[in-house]
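Text of the file work26.csv, holding CSV, C-alpha atoms and all ligand atoms:
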```csv
chain,number,residue,atom,x,y,z
S,1,MET,CA,0.0,0.0,0.0
S,2,ASN,CA,1.4,3.4,-1.0
S,3,CYS,CA,1.0,5.9,1.7
S,4,ILE,CA,2.7,9.0,0.2
S,5,TRP,CA,0.2,11.9,-0.1
S,6,GLY,CA,-0.4,12.7,-3.8
S,7,TYR,CA,0.0,9.2,-4.9
S,8,THR,CA,-2.9,8.0,-2.9
S,9,TRP,CA,-6.3,7.8,-4.6
S,10,HIS,CA,-7.7,10.6,-2.5
S,11,GLY,CA,-4.8,13.0,-3.3
S,12,TYR,CA,-5.1,12.2,-7.0
S,13,TYR,CA,-8.9,12.7,-7.0
S,14,PHE,CA,-8.5,16.0,-5.1
S,15,TYR,CA,-6.0,17.3,-7.6
S,16,HIS,CA,-8.3,16.7,-10.5
S,17,SER,CA,-11.5,17.9,-8.9
S,18,TRP,CA,-13.0,21.4,-9.4
S,19,LEU,CA,-12.7,22.1,-5.7
S,20,PHE,CA,-8.9,22.0,-5.9
S,21,TRP,CA,-8.8,24.6,-8.7
S,22,LEU,CA,-11.5,26.7,-7.0
S,23,ILE,CA,-9.4,26.9,-3.8
S,24,LEU,CA,-6.3,27.6,-5.8
S,25,SER,CA,-7.8,30.4,-7.9
S,26,ALA,CA,-9.5,31.9,-4.8
S,27,GLY,CA,-6.2,31.9,-3.0
S,28,LEU,CA,-4.4,33.5,-5.9
S,29,SER,CA,-7.0,36.3,-6.4
S,30,ALA,CA,-7.0,36.9,-2.6
S,31,ALA,CA,-3.2,37.2,-2.7
S,32,THR,CA,-3.4,39.6,-5.7
S,33,LEU,CA,-6.0,41.8,-3.9
S,34,PHE,CA,-3.9,41.8,-0.8
S,35,TYR,CA,-0.8,42.8,-2.8
S,36,LEU,CA,-2.6,45.6,-4.5
S,37,PHE,CA,-4.1,46.9,-1.3
S,38,PHE,CA,-0.6,46.8,0.4
S,39,GLN,CA,0.9,48.7,-2.6
S,40,LYS,CA,-1.7,51.4,-2.3
S,41,ARG,CA,-1.1,51.8,1.4
S,42,ARG,CA,2.6,52.1,0.8
S,43,GLN,CA,2.3,54.9,-1.8
S,44,LYS,CA,4.0,58.2,-0.9
S,45,LYS,CA,1.8,61.2,-0.5
S,46,CYS,CA,2.5,64.9,-0.6
S,47,PRO,CA,2.6,66.2,3.0
S,48,ASN,CA,0.9,69.4,1.9
S,49,CYS,CA,-2.1,68.3,-0.2
S,50,SER,CA,-2.1,64.4,0.1
S,51,THR,CA,-1.8,63.9,-3.6
S,52,PRO,CA,-0.2,60.5,-4.4
S,53,VAL,CA,3.4,61.2,-5.6
S,54,GLU,CA,6.1,58.9,-6.9
S,55,SER,CA,9.3,58.5,-5.0
S,56,ALA,CA,11.3,60.0,-7.9
S,57,PHE,CA,9.3,63.3,-7.9
S,58,LEU,CA,11.2,66.4,-6.9
S,59,GLN,CA,8.0,68.4,-6.2
S,60,CYS,CA,4.3,67.8,-5.9
S,61,PRO,CA,2.6,68.1,-9.4
S,62,GLU,CA,-0.5,69.4,-7.7
S,63,CYS,CA,0.6,72.2,-5.3
S,64,GLY,CA,4.3,72.5,-6.1
S,65,HIS,CA,5.4,71.5,-2.6
S,66,GLY,CA,9.1,70.5,-2.5
S,67,LEU,CA,9.4,66.8,-1.8
S,68,GLN,CA,13.1,66.2,-2.4
S,69,THR,CA,16.0,67.9,-4.2
S,70,HIS,CA,19.5,67.3,-5.6
S,71,CYS,CA,22.5,67.5,-3.4
S,72,PRO,CA,24.5,70.6,-4.5
S,73,ASP,CA,27.7,68.6,-4.4
S,74,CYS,CA,27.1,65.1,-5.8
S,75,TYR,CA,23.7,65.8,-7.6
S,76,ARG,CA,22.1,62.7,-6.2
S,77,ILE,CA,18.4,62.9,-5.1
S,78,VAL,CA,18.2,63.7,-1.4
S,79,ASP,CA,15.2,64.5,0.9
S,80,ARG,CA,14.7,68.1,1.9
S,81,LEU,CA,14.5,67.1,5.6
S,82,TRP,CA,17.9,65.6,5.6
S,83,LYS,CA,20.7,67.5,7.4
S,84,THR,CA,23.5,65.9,5.5
S,85,CYS,CA,23.9,64.1,2.2
S,86,PRO,CA,24.3,60.3,2.9
S,87,TYR,CA,26.3,59.9,-0.3
S,88,CYS,CA,29.0,62.5,0.0
S,89,GLU,CA,28.6,63.7,3.6
S,90,LYS,CA,28.0,67.4,2.7
S,91,SER,CA,25.8,69.3,5.1
S,92,LEU,CA,22.5,70.3,3.6
S,93,HIS,CA,20.4,73.4,4.5
S,94,PHE,CA,17.3,73.5,2.4
S,95,LYS,CA,14.5,76.0,2.8
S,96,ILE,CA,11.3,74.0,3.3
M,1,ZN,ZN,1.0,68.7,-2.9
M,2,ZN,ZN,25.9,64.7,-1.9
```
Any chance you could put this one into structure tokens?
Ligand SMILES: [Zn+2]
Ligand SMILES: [Zn+2]
Amino acid sequence: MNCIWGYTWHGYYFYHSWLFWLILSAGLSAATLFYLFFQKRRQKKCPNCSTPVESAFLQCPECGHGLQTHCPDCYRIVDRLWKTCPYCEKSLHFKI
């Protein structure tokens, strides 16, 4: 008698039944929905007008609020709230 799950008659029957695919597709769509919801929650927003902004934006397209800027020394994108540039250690003093 073969006792390994999947090779037994029950496992084989379950794999080929509509219930298996129903559970599988329901699980997949639930995972997709959860992923989309999580992505939405994680999206960056403008602190001034709450417009969704992308992490690469330098300023809000809606109200023009400065989100981030370039380091004057190494020209990498830095946050306006940062005191020093993490890339080249230059002190930053931006007007918010
Ligand atoms: Zn804004
Ligand atoms: Zn820098």
Nearby residues, ligand ZN 2 (chain M), 12 Å, all atoms listed in the file, as a list in words:
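After applying the 12 Å limit, what remains is Thr69, His70, Cys71, Pro72, Asp73, Cys74, Tyr75, Arg76, Ile77, Val78, Asp79, Trp82, Lys83, Thr84, Cys85, Pro86, Tyr87, Cys88, Glu89, Lys90, Ser91 and Leu92 of chain S.
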Given the selection you just returned, output its residues as a file containing C-alpha atoms, formatted as an mmCIF file, in the coordinates of the input.
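Full text of out.cif as output:
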```
data_model
loop_
_atom_site.group_PDB
_atom_site.id
_atom_site.type_symbol
_atom_site.label_atom_id
_atom_site.label_comp_id
_atom_site.auth_asym_id
_atom_site.auth_seq_id
_atom_site.Cartn_x
_atom_site.Cartn_y
_atom_site.Cartn_z
ATOM 1 C CA THR S 69 16.000 67.900 -4.200
ATOM 2 C CA HIS S 70 19.500 67.300 -5.600
ATOM 3 C CA CYS S 71 22.500 67.500 -3.400
ATOM 4 C CA PRO S 72 24.500 70.600 -4.500
ATOM 5 C CA ASP S 73 27.700 68.600 -4.400
ATOM 6 C CA CYS S 74 27.100 65.100 -5.800
ATOM 7 C CA TYR S 75 23.700 65.800 -7.600
ATOM 8 C CA ARG S 76 22.100 62.700 -6.200
ATOM 9 C CA ILE S 77 18.400 62.900 -5.100
ATOM 10 C CA VAL S 78 18.200 63.700 -1.400
ATOM 11 C CA ASP S 79 15.200 64.500 0.900
ATOM 12 C CA TRP S 82 17.900 65.600 5.600
ATOM 13 C CA LYS S 83 20.700 67.500 7.400
ATOM 14 C CA THR S 84 23.500 65.900 5.500
ATOM 15 C CA CYS S 85 23.900 64.100 2.200
ATOM 16 C CA PRO S 86 24.300 60.300 2.900
ATOM 17 C CA TYR S 87 26.300 59.900 -0.300
ATOM 18 C CA CYS S 88 29.000 62.500 0.000
ATOM 19 C CA GLU S 89 28.600 63.700 3.600
ATOM 20 C CA LYS S 90 28.000 67.400 2.700
ATOM 21 C CA SER S 91 25.800 69.300 5.100
ATOM 22 C CA LEU S 92 22.500 70.300 3.600
#
```
In Å, with one decimal, what is the gap from atom CA of S:Arg80 to atom CA of S:Leu67?
6.6 Å
Could you give me, as JSON lines, every chain S residue with an atom at most 10 Å from ligand ZN 1 (chain M), plus its closest atom pair and distance in Å to one decimal, counting all atoms listed in the file, rows ordered by chain then number?
```
{"residue": "S:Lys45", "atom": "CA", "partner": "M:ZN1", "partner_atom": "ZN", "distance": 7.9}
{"residue": "S:Cys46", "atom": "CA", "partner": "M:ZN1", "partner_atom": "ZN", "distance": 4.7}
{"residue": "S:Pro47", "atom": "CA", "partner": "M:ZN1", "partner_atom": "ZN", "distance": 6.6}
{"residue": "S:Asn48", "atom": "CA", "partner": "M:ZN1", "partner_atom": "ZN", "distance": 4.9}
{"residue": "S:Cys49", "atom": "CA", "partner": "M:ZN1", "partner_atom": "ZN", "distance": 4.1}
{"residue": "S:Ser50", "atom": "CA", "partner": "M:ZN1", "partner_atom": "ZN", "distance": 6.1}
{"residue": "S:Thr51", "atom": "CA", "partner": "M:ZN1", "partner_atom": "ZN", "distance": 5.6}
{"residue": "S:Pro52", "atom": "CA", "partner": "M:ZN1", "partner_atom": "ZN", "distance": 8.4}
{"residue": "S:Val53", "atom": "CA", "partner": "M:ZN1", "partner_atom": "ZN", "distance": 8.3}
{"residue": "S:Gln59", "atom": "CA", "partner": "M:ZN1", "partner_atom": "ZN", "distance": 7.7}
{"residue": "S:Cys60", "atom": "CA", "partner": "M:ZN1", "partner_atom": "ZN", "distance": 4.5}
{"residue": "S:Pro61", "atom": "CA", "partner": "M:ZN1", "partner_atom": "ZN", "distance": 6.7}
{"residue": "S:Glu62", "atom": "CA", "partner": "M:ZN1", "partner_atom": "ZN", "distance": 5.1}
{"residue": "S:Cys63", "atom": "CA", "partner": "M:ZN1", "partner_atom": "ZN", "distance": 4.3}
{"residue": "S:Gly64", "atom": "CA", "partner": "M:ZN1", "partner_atom": "ZN", "distance": 6.0}
{"residue": "S:His65", "atom": "CA", "partner": "M:ZN1", "partner_atom": "ZN", "distance": 5.2}
{"residue": "S:Gly66", "atom": "CA", "partner": "M:ZN1", "partner_atom": "ZN", "distance": 8.3}
{"residue": "S:Leu67", "atom": "CA", "partner": "M:ZN1", "partner_atom": "ZN", "distance": 8.7}
```
Which one of S:Tyr12, S:His93, S:Lys44, S:Leu22 sits closest to S:Phe57 if you count all atoms listed in the file?
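Selected residue with least distance to S:Phe57: S:Lys44.
Of the listed residues (S:Leu33, S:Leu58, S:Leu81, S:Phe14), S:Leu81 comes nearest to S:Phe94; the distances count all atoms listed in the file.
In this structure, atom CA of S:Phe37 sits 24.0 Å away from atom CA of S:Trp21.
Atom CA of S:Gln39 is found 18.2 Å from atom CA of S:Gly27.
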